[in-house]
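Student: Dropping in work01.csv, with CSV, C-alpha atoms.
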chain,number,residue,atom,x,y,z
A,98,MET,CA,44.6,28.9,83.4
A,99,SER,CA,44.5,32.7,83.2
A,100,LEU,CA,46.0,34.6,86.0
A,101,PRO,CA,43.7,36.1,88.6
A,102,SER,CA,44.0,39.9,88.8
A,103,SER,CA,44.7,39.7,92.6
A,104,VAL,CA,45.6,37.3,95.4
A,105,ASP,CA,46.4,37.6,99.0
A,106,VAL,CA,49.7,35.8,98.8
A,107,ALA,CA,51.8,35.1,95.7
A,108,ILE,CA,54.6,32.6,95.9
A,109,ILE,CA,57.4,32.9,93.4
A,110,GLY,CA,58.8,29.4,92.5
A,111,ALA,CA,57.3,25.9,92.9
A,112,GLY,CA,60.4,24.2,94.2
A,113,ALA,CA,60.4,22.6,97.6
A,114,ALA,CA,60.4,26.0,99.4
A,115,GLY,CA,57.5,27.4,97.4
A,116,LEU,CA,55.5,24.2,97.9
A,117,GLY,CA,56.3,24.2,101.6
A,118,ALA,CA,54.9,27.7,101.9
A,119,ALA,CA,51.8,26.9,99.8
A,120,ASN,CA,51.0,23.7,101.8
A,121,THR,CA,51.4,25.7,105.1
A,122,LEU,CA,49.0,28.3,103.9
A,123,LYS,CA,46.4,25.8,102.6
A,124,ASP,CA,43.9,26.2,105.3
A,125,SER,CA,44.6,29.8,106.2
A,126,GLY,CA,41.6,31.4,104.5
A,127,LEU,CA,44.0,33.4,102.3
A,128,SER,CA,44.0,33.2,98.5
A,129,VAL,CA,47.3,31.8,97.4
A,130,LEU,CA,48.9,31.2,94.0
A,131,VAL,CA,52.3,29.7,93.2
A,132,LEU,CA,53.9,31.3,90.1
A,133,GLU,CA,56.4,28.8,88.4
A,134,ALA,CA,58.5,29.6,85.4
A,135,ARG,CA,58.9,25.9,84.4
A,136,ASP,CA,56.2,23.6,83.0
A,137,ARG,CA,56.5,21.4,86.1
A,138,VAL,CA,56.8,21.7,89.9
A,139,GLY,CA,59.9,20.7,91.9
A,140,GLY,CA,62.6,23.1,90.9
A,141,ARG,CA,65.9,21.5,91.4
A,142,ALA,CA,64.2,18.3,92.5
A,143,HIS,CA,63.3,16.4,89.3
A,144,THR,CA,62.8,12.7,88.7
A,145,ILE,CA,62.7,11.3,85.2
A,146,MET,CA,62.4,7.8,83.7
A,147,ALA,CA,65.8,7.7,81.9
A,148,SER,CA,64.7,4.4,80.4
A,149,PRO,CA,61.9,2.0,81.0
A,150,ASP,CA,63.9,0.4,83.8
A,151,VAL,CA,65.9,3.3,85.2
A,152,THR,CA,64.5,6.0,87.5
A,153,PHE,CA,66.9,8.9,87.7
A,154,ASP,CA,66.9,12.0,90.0
A,155,LEU,CA,68.5,14.8,87.9
A,156,GLY,CA,68.6,16.9,91.0
A,157,CYS,CA,68.5,16.0,94.7
A,158,GLY,CA,68.5,12.3,95.4
A,159,TRP,CA,69.2,11.8,99.1
A,160,LEU,CA,67.1,12.4,102.2
A,161,HIS,CA,70.1,13.9,104.1
A,162,SER,CA,69.9,14.0,107.9
A,163,ALA,CA,67.0,11.6,107.4
A,164,ASP,CA,66.2,11.4,111.1
A,165,GLU,CA,65.5,15.2,111.0
A,166,ASN,CA,64.3,15.5,107.4
A,167,SER,CA,60.8,16.8,107.1
A,168,PHE,CA,60.3,15.0,103.8
A,169,VAL,CA,60.5,11.7,105.6
A,170,PRO,CA,57.1,11.9,107.2
A,171,ILE,CA,55.7,13.4,104.0
A,172,ALA,CA,57.0,10.4,102.1
A,173,GLU,CA,55.4,8.1,104.6
A,174,ARG,CA,52.1,9.9,104.4
A,175,LEU,CA,52.1,9.8,100.6
A,176,ASN,CA,53.2,6.1,100.5
A,177,PHE,CA,56.6,6.6,98.9
A,178,GLU,CA,58.9,3.7,99.6
A,179,ILE,CA,62.0,4.8,101.6
A,180,ASN,CA,65.3,3.0,101.1
A,181,LYS,CA,67.4,3.0,104.3
A,182,ALA,CA,70.4,1.0,103.0
A,183,LEU,CA,73.8,2.5,103.6
A,184,PRO,CA,74.9,5.1,101.0
A,185,PRO,CA,77.4,3.8,98.4
A,186,TRP,CA,80.2,6.0,99.7
A,187,ARG,CA,80.2,4.0,102.9
A,188,GLU,CA,82.5,0.9,102.5
A,189,ARG,CA,81.0,-0.1,99.2
A,190,ALA,CA,84.2,0.3,97.1
A,191,HIS,CA,84.3,-1.8,93.9
A,192,GLY,CA,87.4,-2.8,91.9
A,193,LYS,CA,91.0,-2.1,92.2
A,194,ALA,CA,91.0,1.6,91.2
A,195,PHE,CA,91.1,2.6,94.9
A,196,PRO,CA,92.8,-0.1,97.0
A,197,LYS,CA,91.7,-0.4,100.7
A,198,GLN,CA,95.0,0.8,102.1
A,199,GLU,CA,94.9,3.9,99.9
A,200,ARG,CA,91.2,4.5,100.8
A,201,ASP,CA,92.0,4.3,104.5
A,202,ASP,CA,94.9,6.7,104.1
A,203,PHE,CA,92.6,9.1,102.2
A,204,ILE,CA,89.8,8.9,104.8
A,205,ALA,CA,92.3,9.6,107.6
A,206,ALA,CA,93.5,12.7,105.7
A,207,LEU,CA,89.9,13.8,105.1
A,208,ASP,CA,88.9,13.3,108.8
A,209,ALA,CA,92.0,15.3,109.8
A,210,PHE,CA,91.0,18.1,107.4
A,211,TYR,CA,87.5,18.3,109.0
A,212,ASP,CA,89.0,18.4,112.5
A,213,ARG,CA,91.2,21.3,111.5
A,214,ALA,CA,88.2,23.0,109.8
A,215,GLU,CA,86.2,22.7,113.0
A,216,GLN,CA,89.0,24.2,115.0
A,217,ALA,CA,89.3,27.0,112.5
A,218,ALA,CA,85.6,27.8,112.7
A,219,GLU,CA,85.8,28.1,116.4
A,220,GLN,CA,88.7,30.5,116.1
A,221,ALA,CA,86.9,32.4,113.4
A,222,ARG,CA,83.9,32.9,115.7
A,223,ARG,CA,86.1,34.0,118.5
A,224,VAL,CA,87.9,36.7,116.5
A,225,GLY,CA,85.0,37.5,114.2
A,226,ARG,CA,86.9,36.9,111.0
A,227,ASP,CA,85.9,34.2,108.5
A,228,SER,CA,88.3,32.5,106.2
A,229,ALA,CA,88.3,30.1,103.2
A,230,ALA,CA,88.2,26.4,103.9
A,231,ASN,CA,91.2,25.6,101.7
A,232,LEU,CA,93.4,27.2,104.3
A,233,CYS,CA,92.7,24.1,106.5
A,234,LEU,CA,94.3,21.7,103.9
A,235,GLU,CA,97.6,20.3,105.2
A,236,PRO,CA,100.4,21.8,103.0
A,237,GLY,CA,101.8,19.2,100.6
A,238,ASN,CA,99.3,16.4,101.6
A,239,ARG,CA,99.0,14.1,98.6
A,240,TRP,CA,95.3,13.8,99.1
A,241,ASN,CA,94.5,17.5,98.9
A,242,PRO,CA,93.2,17.4,95.3
A,243,MET,CA,90.7,14.6,96.2
A,244,ILE,CA,89.6,16.4,99.4
A,245,ASP,CA,88.9,19.4,97.1
A,246,ALA,CA,86.9,17.0,94.8
A,247,ILE,CA,84.8,15.9,97.8
A,248,SER,CA,84.0,19.6,98.4
A,249,THR,CA,82.8,19.9,94.9
A,250,TYR,CA,80.3,17.1,95.5
A,251,ILE,CA,79.2,18.5,98.9
A,252,ASN,CA,79.4,22.3,98.3
A,253,GLY,CA,79.2,22.5,94.5
A,254,CYS,CA,82.6,24.3,94.6
A,255,GLU,CA,86.2,23.9,95.6
A,256,LEU,CA,87.3,24.8,99.1
A,257,ASP,CA,88.8,28.2,98.1
A,258,GLN,CA,85.2,29.4,97.6
A,259,VAL,CA,83.8,28.0,100.8
A,260,SER,CA,83.3,30.0,104.1
A,261,ILE,CA,84.7,28.0,107.0
A,262,LEU,CA,81.9,29.4,109.2
A,263,ASP,CA,79.2,28.3,106.8
A,264,MET,CA,80.7,24.9,106.4
A,265,ASP,CA,80.7,24.5,110.1
A,266,ALA,CA,77.1,25.6,110.4
A,267,TYR,CA,75.8,22.8,108.2
A,268,GLU,CA,73.9,20.2,110.2
A,269,ASP,CA,74.6,16.7,109.2
A,270,THR,CA,73.3,13.7,111.3
A,271,GLU,CA,75.1,11.4,108.7
A,272,ILE,CA,71.9,9.4,108.2
A,273,ASN,CA,71.1,9.3,104.5
A,274,TRP,CA,68.1,7.5,102.9
A,275,ARG,CA,66.6,7.5,99.5
A,276,ILE,CA,63.2,7.5,97.8
A,277,ARG,CA,62.9,4.4,95.6
A,278,HIS,CA,60.8,6.2,92.9
A,279,GLY,CA,62.7,9.5,93.1
A,280,TYR,CA,63.0,12.5,95.4
A,281,GLY,CA,61.8,14.7,92.6
A,282,ALA,CA,58.7,12.5,92.3
A,283,LEU,CA,58.0,12.9,96.0
A,284,VAL,CA,58.3,16.7,95.8
A,285,ALA,CA,56.0,16.8,92.8
A,286,ALA,CA,53.4,14.7,94.7
A,287,TYR,CA,53.8,17.0,97.7
A,288,GLY,CA,52.9,19.9,95.4
A,289,ALA,CA,50.1,18.2,93.5
A,290,SER,CA,47.2,20.0,95.4
A,291,CYS,CA,48.8,23.4,95.4
A,292,PRO,CA,47.3,26.3,93.4
A,293,LEU,CA,49.7,26.7,90.5
A,294,ALA,CA,50.4,28.9,87.4
A,295,LEU,CA,53.0,27.1,85.3
A,296,ASN,CA,55.0,28.6,82.5
A,297,CYS,CA,54.7,31.8,84.3
A,298,VAL,CA,58.0,33.7,84.4
A,299,VAL,CA,58.2,36.5,86.9
A,300,THR,CA,60.3,39.5,85.8
A,301,LEU,CA,59.4,42.4,88.2
A,302,ILE,CA,58.1,42.7,91.8
A,303,ASP,CA,57.0,46.3,92.3
A,304,HIS,CA,56.5,46.9,96.0
A,305,SER,CA,56.2,50.7,95.7
A,306,GLY,CA,52.5,50.8,96.1
A,307,GLN,CA,49.9,49.7,98.6
A,308,ARG,CA,49.7,46.4,96.9
A,309,ILE,CA,52.6,44.5,95.3
A,310,ARG,CA,52.4,44.4,91.5
A,311,ILE,CA,54.0,41.3,89.9
A,312,GLU,CA,54.8,41.3,86.2
A,313,THR,CA,54.9,37.9,84.5
A,314,SER,CA,55.1,36.3,81.1
A,315,GLN,CA,51.3,35.7,81.5
A,316,GLY,CA,50.3,39.2,82.5
A,317,THR,CA,50.3,41.3,85.7
A,318,LEU,CA,48.7,40.5,89.0
A,319,THR,CA,48.7,42.2,92.5
A,320,ALA,CA,49.2,40.6,95.9
A,321,GLY,CA,49.1,41.7,99.5
A,322,LYS,CA,52.1,39.7,100.3
A,323,VAL,CA,54.8,37.9,98.2
A,324,ILE,CA,57.1,35.0,99.2
A,325,VAL,CA,60.2,34.8,96.9
A,326,THR,CA,61.8,31.3,96.8
A,327,VAL,CA,63.9,31.5,93.6
A,328,PRO,CA,67.6,30.4,93.6
A,329,THR,CA,70.1,33.0,94.7
A,330,ASN,CA,71.7,33.2,91.2
A,331,LEU,CA,68.5,34.6,89.8
A,332,ILE,CA,68.3,37.3,92.5
A,333,ALA,CA,72.1,38.0,92.1
A,334,ASP,CA,71.7,38.3,88.3
A,335,GLU,CA,68.6,40.4,88.7
A,336,ALA,CA,66.6,38.1,86.5
A,337,ILE,CA,63.7,39.2,88.7
A,338,ARG,CA,63.9,42.9,89.5
A,339,PHE,CA,62.6,44.6,92.5
A,340,HIS,CA,61.2,48.1,92.5
A,341,PRO,CA,62.3,49.9,94.6
A,342,PRO,CA,65.6,48.0,94.4
A,343,LEU,CA,66.5,45.7,97.2
A,344,SER,CA,70.3,46.1,97.2
A,345,ALA,CA,70.8,44.2,100.5
A,346,LYS,CA,69.0,41.1,99.0
A,347,VAL,CA,71.0,41.2,95.8
A,348,ASP,CA,74.2,41.6,97.7
A,349,ALA,CA,73.3,38.7,100.0
A,350,ALA,CA,72.5,36.5,97.1
A,351,ARG,CA,75.8,37.3,95.5
A,352,GLY,CA,77.5,36.2,98.6
A,353,LEU,CA,75.6,32.9,98.5
A,354,PRO,CA,76.1,31.7,94.9
A,355,LEU,CA,74.9,28.4,93.6
A,356,GLY,CA,77.7,25.9,93.2
A,357,LEU,CA,77.4,23.2,90.6
A,358,ALA,CA,76.9,19.5,90.9
A,359,ASP,CA,75.9,17.5,87.9
A,360,LYS,CA,74.8,13.9,87.4
A,361,VAL,CA,74.7,11.4,84.6
A,362,THR,CA,73.2,8.0,84.3
A,363,LEU,CA,74.6,5.4,81.9
A,364,ALA,CA,72.8,2.2,80.9
A,365,LEU,CA,74.8,-0.8,81.8
A,366,ALA,CA,74.7,-4.0,79.7
A,367,GLU,CA,75.3,-7.2,81.5
A,368,PRO,CA,74.6,-5.6,84.9
A,369,ASP,CA,74.9,-8.8,86.9
A,370,ALA,CA,78.7,-8.7,86.5
A,371,LEU,CA,78.8,-5.7,88.9
A,372,PRO,CA,77.6,-5.4,92.5
A,373,ILE,CA,74.3,-3.7,93.5
A,374,GLU,CA,74.9,-0.3,95.2
A,375,GLY,CA,78.6,-0.3,94.7
A,376,ASN,CA,80.9,2.7,94.7
A,377,LEU,CA,83.5,3.4,92.1
A,378,ARG,CA,86.2,6.0,92.5
A,379,GLY,CA,89.8,6.0,91.6
A,380,ALA,CA,92.8,7.1,93.7
A,381,THR,CA,92.8,10.1,91.5
A,382,MET,CA,95.3,12.7,92.6
A,383,ARG,CA,93.4,15.5,90.9
A,384,THR,CA,90.2,17.5,91.7
A,385,GLU,CA,88.8,17.0,88.2
A,386,MET,CA,87.3,13.6,88.9
A,387,GLY,CA,83.9,11.9,89.1
A,388,THR,CA,82.5,9.5,91.6
A,389,TYR,CA,80.2,6.6,90.5
A,390,HIS,CA,77.3,4.8,92.0
A,391,ILE,CA,76.9,1.3,90.6
A,392,ARG,CA,73.4,-0.2,90.1
A,393,PRO,CA,71.4,2.1,92.4
A,394,PHE,CA,68.4,0.2,93.7
A,395,GLY,CA,69.7,-2.7,91.6
A,396,GLN,CA,68.9,-0.9,88.3
A,397,PRO,CA,70.9,-1.7,85.2
A,398,CYS,CA,72.9,1.6,85.2
A,399,ILE,CA,75.8,3.5,86.7
A,400,GLU,CA,75.3,7.1,88.0
A,401,GLY,CA,78.1,9.6,87.8
A,402,PHE,CA,78.5,12.7,89.9
A,403,PHE,CA,80.7,15.8,89.0
A,404,GLY,CA,81.1,19.1,90.8
A,405,GLY,CA,82.6,22.5,90.9
A,406,ARG,CA,84.8,24.0,88.1
A,407,PHE,CA,85.1,20.6,86.4
A,408,ALA,CA,81.4,20.2,86.1
A,409,GLN,CA,81.2,23.7,84.7
A,410,ALA,CA,83.8,22.9,82.1
A,411,LEU,CA,82.0,19.7,81.1
A,412,GLU,CA,78.7,21.6,80.8
A,413,ASP,CA,80.4,24.3,78.7
A,414,ALA,CA,81.7,21.6,76.4
A,415,GLY,CA,78.1,20.9,75.4
A,416,PRO,CA,75.5,18.3,75.8
A,417,GLY,CA,76.9,14.8,76.1
A,418,ALA,CA,80.3,15.8,77.5
A,419,ILE,CA,79.4,14.7,81.0
A,420,ALA,CA,78.4,11.3,79.8
A,421,ALA,CA,81.5,11.0,77.7
A,422,GLN,CA,83.7,11.9,80.6
A,423,GLY,CA,81.9,9.4,82.8
A,424,ILE,CA,82.4,6.6,80.3
A,425,ASP,CA,86.1,7.4,79.8
A,426,GLU,CA,86.7,7.3,83.6
A,427,ILE,CA,84.8,4.1,84.2
A,428,VAL,CA,86.6,2.4,81.3
A,429,ALA,CA,89.9,3.5,82.8
A,430,PHE,CA,88.9,1.9,86.1
A,431,LEU,CA,87.2,-1.3,84.9
A,432,GLY,CA,88.8,-2.0,81.5
A,433,SER,CA,88.2,-1.4,77.8
A,434,ASP,CA,85.5,-4.0,77.6
A,435,PHE,CA,83.2,-1.7,79.5
A,436,ARG,CA,83.1,0.9,76.6
A,437,ARG,CA,80.6,-1.3,74.7
A,438,LYS,CA,78.6,-2.0,77.9
A,439,LEU,CA,77.8,1.7,78.7
A,440,ARG,CA,75.3,3.9,76.9
A,441,PRO,CA,74.3,7.5,77.9
A,442,LEU,CA,70.8,7.8,79.1
A,443,ALA,CA,70.5,11.3,80.7
A,444,GLU,CA,72.6,14.0,82.3
A,445,SER,CA,71.8,17.2,84.3
A,446,ARG,CA,73.2,20.5,83.2
A,447,TRP,CA,72.0,22.8,86.0
A,448,ALA,CA,74.3,25.7,85.2
A,449,HIS,CA,72.6,26.0,81.8
A,450,ASP,CA,69.1,25.7,83.3
A,451,PRO,CA,67.8,29.3,83.0
A,452,PHE,CA,65.6,29.0,86.1
A,453,ALA,CA,68.4,27.5,88.3
A,454,ARG,CA,71.8,28.6,87.0
A,455,GLY,CA,73.4,26.2,89.4
A,456,SER,CA,72.7,23.4,91.9
A,457,TYR,CA,72.8,24.6,95.5
A,458,SER,CA,74.2,27.5,97.5
A,459,HIS,CA,77.4,27.9,99.4
A,460,ALA,CA,78.6,31.0,101.3
A,461,LEU,CA,81.7,32.7,100.0
A,462,PRO,CA,84.4,33.4,102.6
A,463,GLY,CA,83.2,36.3,104.7
A,464,HIS,CA,79.5,35.9,103.7
A,465,ALA,CA,78.2,33.2,106.1
A,466,ASP,CA,76.0,35.8,107.7
A,467,LYS,CA,74.2,36.5,104.4
A,468,ARG,CA,71.8,33.6,104.9
A,469,ALA,CA,70.0,35.5,107.7
A,470,VAL,CA,70.1,38.7,105.6
A,471,LEU,CA,68.5,36.9,102.6
A,472,ALA,CA,65.8,35.3,104.9
A,473,ALA,CA,64.7,38.6,106.6
A,474,PRO,CA,61.3,39.9,105.6
A,475,VAL,CA,60.9,43.4,104.0
A,476,ASP,CA,58.2,45.8,105.2
A,477,GLY,CA,56.0,42.9,106.5
A,478,ARG,CA,55.0,42.3,102.8
A,479,LEU,CA,58.0,40.6,101.1
A,480,PHE,CA,59.2,37.3,102.4
A,481,PHE,CA,62.1,35.1,101.4
A,482,ALA,CA,62.6,31.4,101.4
A,483,GLY,CA,64.7,28.7,99.7
A,484,GLU,CA,67.5,26.4,100.7
A,485,ALA,CA,70.0,29.4,100.7
A,486,THR,CA,68.0,30.9,103.6
A,487,SER,CA,68.2,27.8,105.8
A,488,PRO,CA,70.6,28.4,108.7
A,489,GLY,CA,71.7,24.7,109.0
A,490,PHE,CA,70.1,22.6,106.2
A,491,PHE,CA,71.1,24.8,103.2
A,492,SER,CA,71.8,22.9,100.0
A,493,THR,CA,69.0,20.4,100.8
A,494,ALA,CA,65.4,20.0,99.7
A,495,HIS,CA,64.2,19.6,103.2
A,496,GLY,CA,66.0,22.8,104.2
A,497,ALA,CA,64.2,24.5,101.3
A,498,ARG,CA,60.8,23.1,102.4
A,499,ASP,CA,61.3,24.1,106.0
A,500,SER,CA,62.2,27.6,104.9
A,501,GLY,CA,59.0,27.9,103.0
A,502,GLU,CA,57.1,26.8,106.1
A,503,ARG,CA,59.0,29.4,108.1
A,504,ALA,CA,58.2,32.2,105.5
A,505,ALA,CA,54.5,31.2,105.5
A,506,GLY,CA,54.5,31.5,109.3
A,507,GLU,CA,55.9,35.0,108.9
A,508,VAL,CA,53.1,35.8,106.4
A,509,LEU,CA,50.4,34.6,108.8
A,510,ALA,CA,52.0,36.6,111.7
A,511,ALA,CA,52.1,39.7,109.6
A,512,HIS,CA,48.5,39.2,108.4
A,513,ALA,CA,47.3,38.7,112.0
A,514,GLY,CA,49.0,42.0,112.9
A,515,THR,CA,47.2,44.0,110.2
Take the structure in the file and give it back as structure tokens.
Tutor:
Amino acid sequence: MSLPSSVDVAIIGAGAAGLGAANTLKDSGLSVLVLEARDRVGGRAHTIMASPDVTFDLGCGWLHSADENSFVPIAERLNFEINKALPPWRERAHGKAFPKQERDDFIAALDAFYDRAEQAAEQARRVGRDSAANLCLEPGNRWNPMIDAISTYINGCELDQVSILDMDAYEDTEINWRIRHGYGALVAAYGASCPLALNCVVTLIDHSGQRIRIETSQGTLTAGKVIVTVPTNLIADEAIRFHPPLSAKVDAARGLPLGLADKVTLALAEPDALPIEGNLRGATMRTEMGTYHIRPFGQPCIEGFFGGRFAQALEDAGPGAIAAQGIDEIVAFLGSDFRRKLRPLAESRWAHDPFARGSYSHALPGHADKRAVLAAPVDGRLFFAGEATSPGFFSTAHGARDSGERAAGEVLAAHAGT
């Protein structure tokens, strides 16, 4: 399609936030267009068929806080099958790589860390001074490297980069479900009826005039109002420029960088020898480690998960490095016979994705307040959404979707006031 010359509302980005905004504005009477740089919707939610019998979410895969997750009723409405089985990290350990006594000792250390972190957050609020979460590690505790590894899976970064106030603000009901045919597939279905311009890279948002002028790879259009939903790293890197500059937004985005979490799926020959929905993790006394999900949904595969600086190093080593690391670790846990049973199918490399440049946001120490700064509208014409703007559900797809709905509400309120 060719771009219209003018719309009432332009939405930048067709991830969960952009689609949340577009769906909210659907019956508003306003003309709306979602501008998406990729050739698909979904952003960091992306499901692929890694093989004829393996469905794989390259991005988000879990309906976190499922009892409060706005994608749950959407999944039900769109007839997506929801799997409510316990996550594999809950008492599903397989093999001898991490014996139960060691696991129990580690969980006790992890729980004690979170207790100290909660107390530290209360203290930080009282005195008005944030700190890094790694200060809550018990000096000399043997499990500290693994606790740091858990942070890389949750936050996309190690604890020295995590604001204690931001970590405490995250809302987790500890109910985690999945979509049998993929979270990314659900988000794509949610966006199927939205007005879209794909392969449309936005480079400039000029809000100096009466109408906002948007320069894209497909030409220029104007809009009365714009909702920006792109990842923080694109704003921080000024991949999209604002004229006049919005230094407060760029600064906020730099305080909320995207951490990195990458996934790999490996085809598994002779799958019946391993349990369905098992968890594989070693008592690995280092932060540079993966965690593995055996036969998700009973599929003939093992999924691996890597985060933080280790994931970045693996990405930087080139395509295939994540899969190779996963195979090496699994073989070390289960025996050399497994090398012939495992074959790489697909891996994510989110840091090298030009339209993501990471996985999900975390607040740097001292920058927890930047989520509200990033979310604030500008002049009643520029609005901001995305998981990084969510006060409690950041780093999640439903947090992104909800923020899009919030920004669309702000657009409607501003429109009603004009």
Student: Calculated over only C-alpha atoms, which of the candidates A:Cys233, A:Ile145, A:Ile261, A:Ala448 has the smallest distance to Gln409 of chain A?
Tutor: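 Among the listed residues, A:Ala448 lies closest to Gln409 of chain A.
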Student: Rounded to one decimal, what separation in Å do you get between atom CA of Gly117 of chain A and atom CA of Leu461 of chain A?
Tutor: 26.8 Å
Student: Can you work out which one of A:Ala418, A:Gly432, A:Gly156, A:His278 has the shortest atom-to-atom distance to Asp450 of chain A, counting only C-alpha atoms?
Tutor: A:Gly156
Student: For a test of reading the model, state the distance in Å between atom CA of Ala336 of chain A and atom CA of Val298 of chain A, rounded to one decimal.
Tutor: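 Calculated distance between atom CA of Ala336 of chain A and atom CA of Val298 of chain A is 9.9 Å.
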Student: Nearest to Thr388 of chain A: which of A:Ile311, A:Val361, A:Ala221, A:Leu130 is it, counting only C-alpha atoms?
Tutor: A:Val361
Student: From the set A:Leu100, A:Ile251, A:Ala182, A:Ile276, which residue has the shortest atom-to-atom contact distance to Val169 of chain A, counting only C-alpha atoms?
Tutor: A:Ile276
Student: Show which residues sit within 9 Å of segment 502-514 of chain A, as a PyMOL selection string. Count only C-alpha atoms, and ignore same-chain residues fewer than 3 positions away.
Tutor: chain A and resi 106+114-122+125+322-324+472+474+477-482+497-499
Student: May I have the selected residues written with C-alpha atoms, as a JSON list (two decimals), in the coordinates of the input?
Tutor:
[["chain", "number", "residue", "atom", "x", "y", "z"],
["A", 106, "VAL", "CA", 49.70, 35.80, 98.80],
["A", 114, "ALA", "CA", 60.40, 26.00, 99.40],
["A", 115, "GLY", "CA", 57.50, 27.40, 97.40],
["A", 116, "LEU", "CA", 55.50, 24.20, 97.90],
["A", 117, "GLY", "CA", 56.30, 24.20, 101.60],
["A", 118, "ALA", "CA", 54.90, 27.70, 101.90],
["A", 119, "ALA", "CA", 51.80, 26.90, 99.80],
["A", 120, "ASN", "CA", 51.00, 23.70, 101.80],
["A", 121, "THR", "CA", 51.40, 25.70, 105.10],
["A", 122, "LEU", "CA", 49.00, 28.30, 103.90],
["A", 125, "SER", "CA", 44.60, 29.80, 106.20],
["A", 322, "LYS", "CA", 52.10, 39.70, 100.30],
["A", 323, "VAL", "CA", 54.80, 37.90, 98.20],
["A", 324, "ILE", "CA", 57.10, 35.00, 99.20],
["A", 472, "ALA", "CA", 65.80, 35.30, 104.90],
["A", 474, "PRO", "CA", 61.30, 39.90, 105.60],
["A", 477, "GLY", "CA", 56.00, 42.90, 106.50],
["A", 478, "ARG", "CA", 55.00, 42.30, 102.80],
["A", 479, "LEU", "CA", 58.00, 40.60, 101.10],
["A", 480, "PHE", "CA", 59.20, 37.30, 102.40],
["A", 481, "PHE", "CA", 62.10, 35.10, 101.40],
["A", 482, "ALA", "CA", 62.60, 31.40, 101.40],
["A", 497, "ALA", "CA", 64.20, 24.50, 101.30],
["A", 498, "ARG", "CA", 60.80, 23.10, 102.40],
["A", 499, "ASP", "CA", 61.30, 24.10, 106.00]]
Student: Calculated over only C-alpha atoms, which of the candidates A:Glu335, A:Glu374, A:Asp466, A:Asp154 has the smallest distance to Tyr389 of chain A?
Tutor: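 Using only C-alpha atoms, the shortest distance to Tyr389 of chain A belongs to A:Glu374.
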Student: Distance atom CA of Ala473 of chain A-atom CA of Thr486 of chain A, one decimal place?
Tutor: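 Going from atom CA of Ala473 of chain A over to atom CA of Thr486 of chain A covers 8.9 Å.
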Student: Would you pick out the contacts of segment 293-297 of chain A at 9 Å or less, using all atoms listed in the file, so that residues sharing its chain but fewer than 3 positions from it are not included, and give the list as a ChimeraX atom specification?
Tutor: /A:98-100,111,129-138,288,290,313-316
Student: How would the residues just chosen look if you wrote them out with C-alpha atoms as a CSV table (one decimal), in the coordinates of the input?
Tutor:
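As written to disk, out_1.csv reads:
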chain,number,residue,atom,x,y,z
A,98,MET,CA,44.6,28.9,83.4
A,99,SER,CA,44.5,32.7,83.2
A,100,LEU,CA,46.0,34.6,86.0
A,111,ALA,CA,57.3,25.9,92.9
A,129,VAL,CA,47.3,31.8,97.4
A,130,LEU,CA,48.9,31.2,94.0
A,131,VAL,CA,52.3,29.7,93.2
A,132,LEU,CA,53.9,31.3,90.1
A,133,GLU,CA,56.4,28.8,88.4
A,134,ALA,CA,58.5,29.6,85.4
A,135,ARG,CA,58.9,25.9,84.4
A,136,ASP,CA,56.2,23.6,83.0
A,137,ARG,CA,56.5,21.4,86.1
A,138,VAL,CA,56.8,21.7,89.9
A,288,GLY,CA,52.9,19.9,95.4
A,290,SER,CA,47.2,20.0,95.4
A,313,THR,CA,54.9,37.9,84.5
A,314,SER,CA,55.1,36.3,81.1
A,315,GLN,CA,51.3,35.7,81.5
A,316,GLY,CA,50.3,39.2,82.5
Student: Using all atoms listed in the file and a cutoff of 8 Å, can you tell me which residues are near (90.7, 2.3, 88.6) in the file's coordinates, and write them out as number ranges by chain?
Tutor: A: 192-195, 378-380, 427, 429-431
Student: Return the single residue from A:Ser458, A:Ser445, A:Asn330, A:Gln220 that is closest to Ala408 of chain A, with distances computed using all atoms listed in the file.
Tutor: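 Counting all atoms listed in the file, the residue closest to Ala408 of chain A is A:Ser445.
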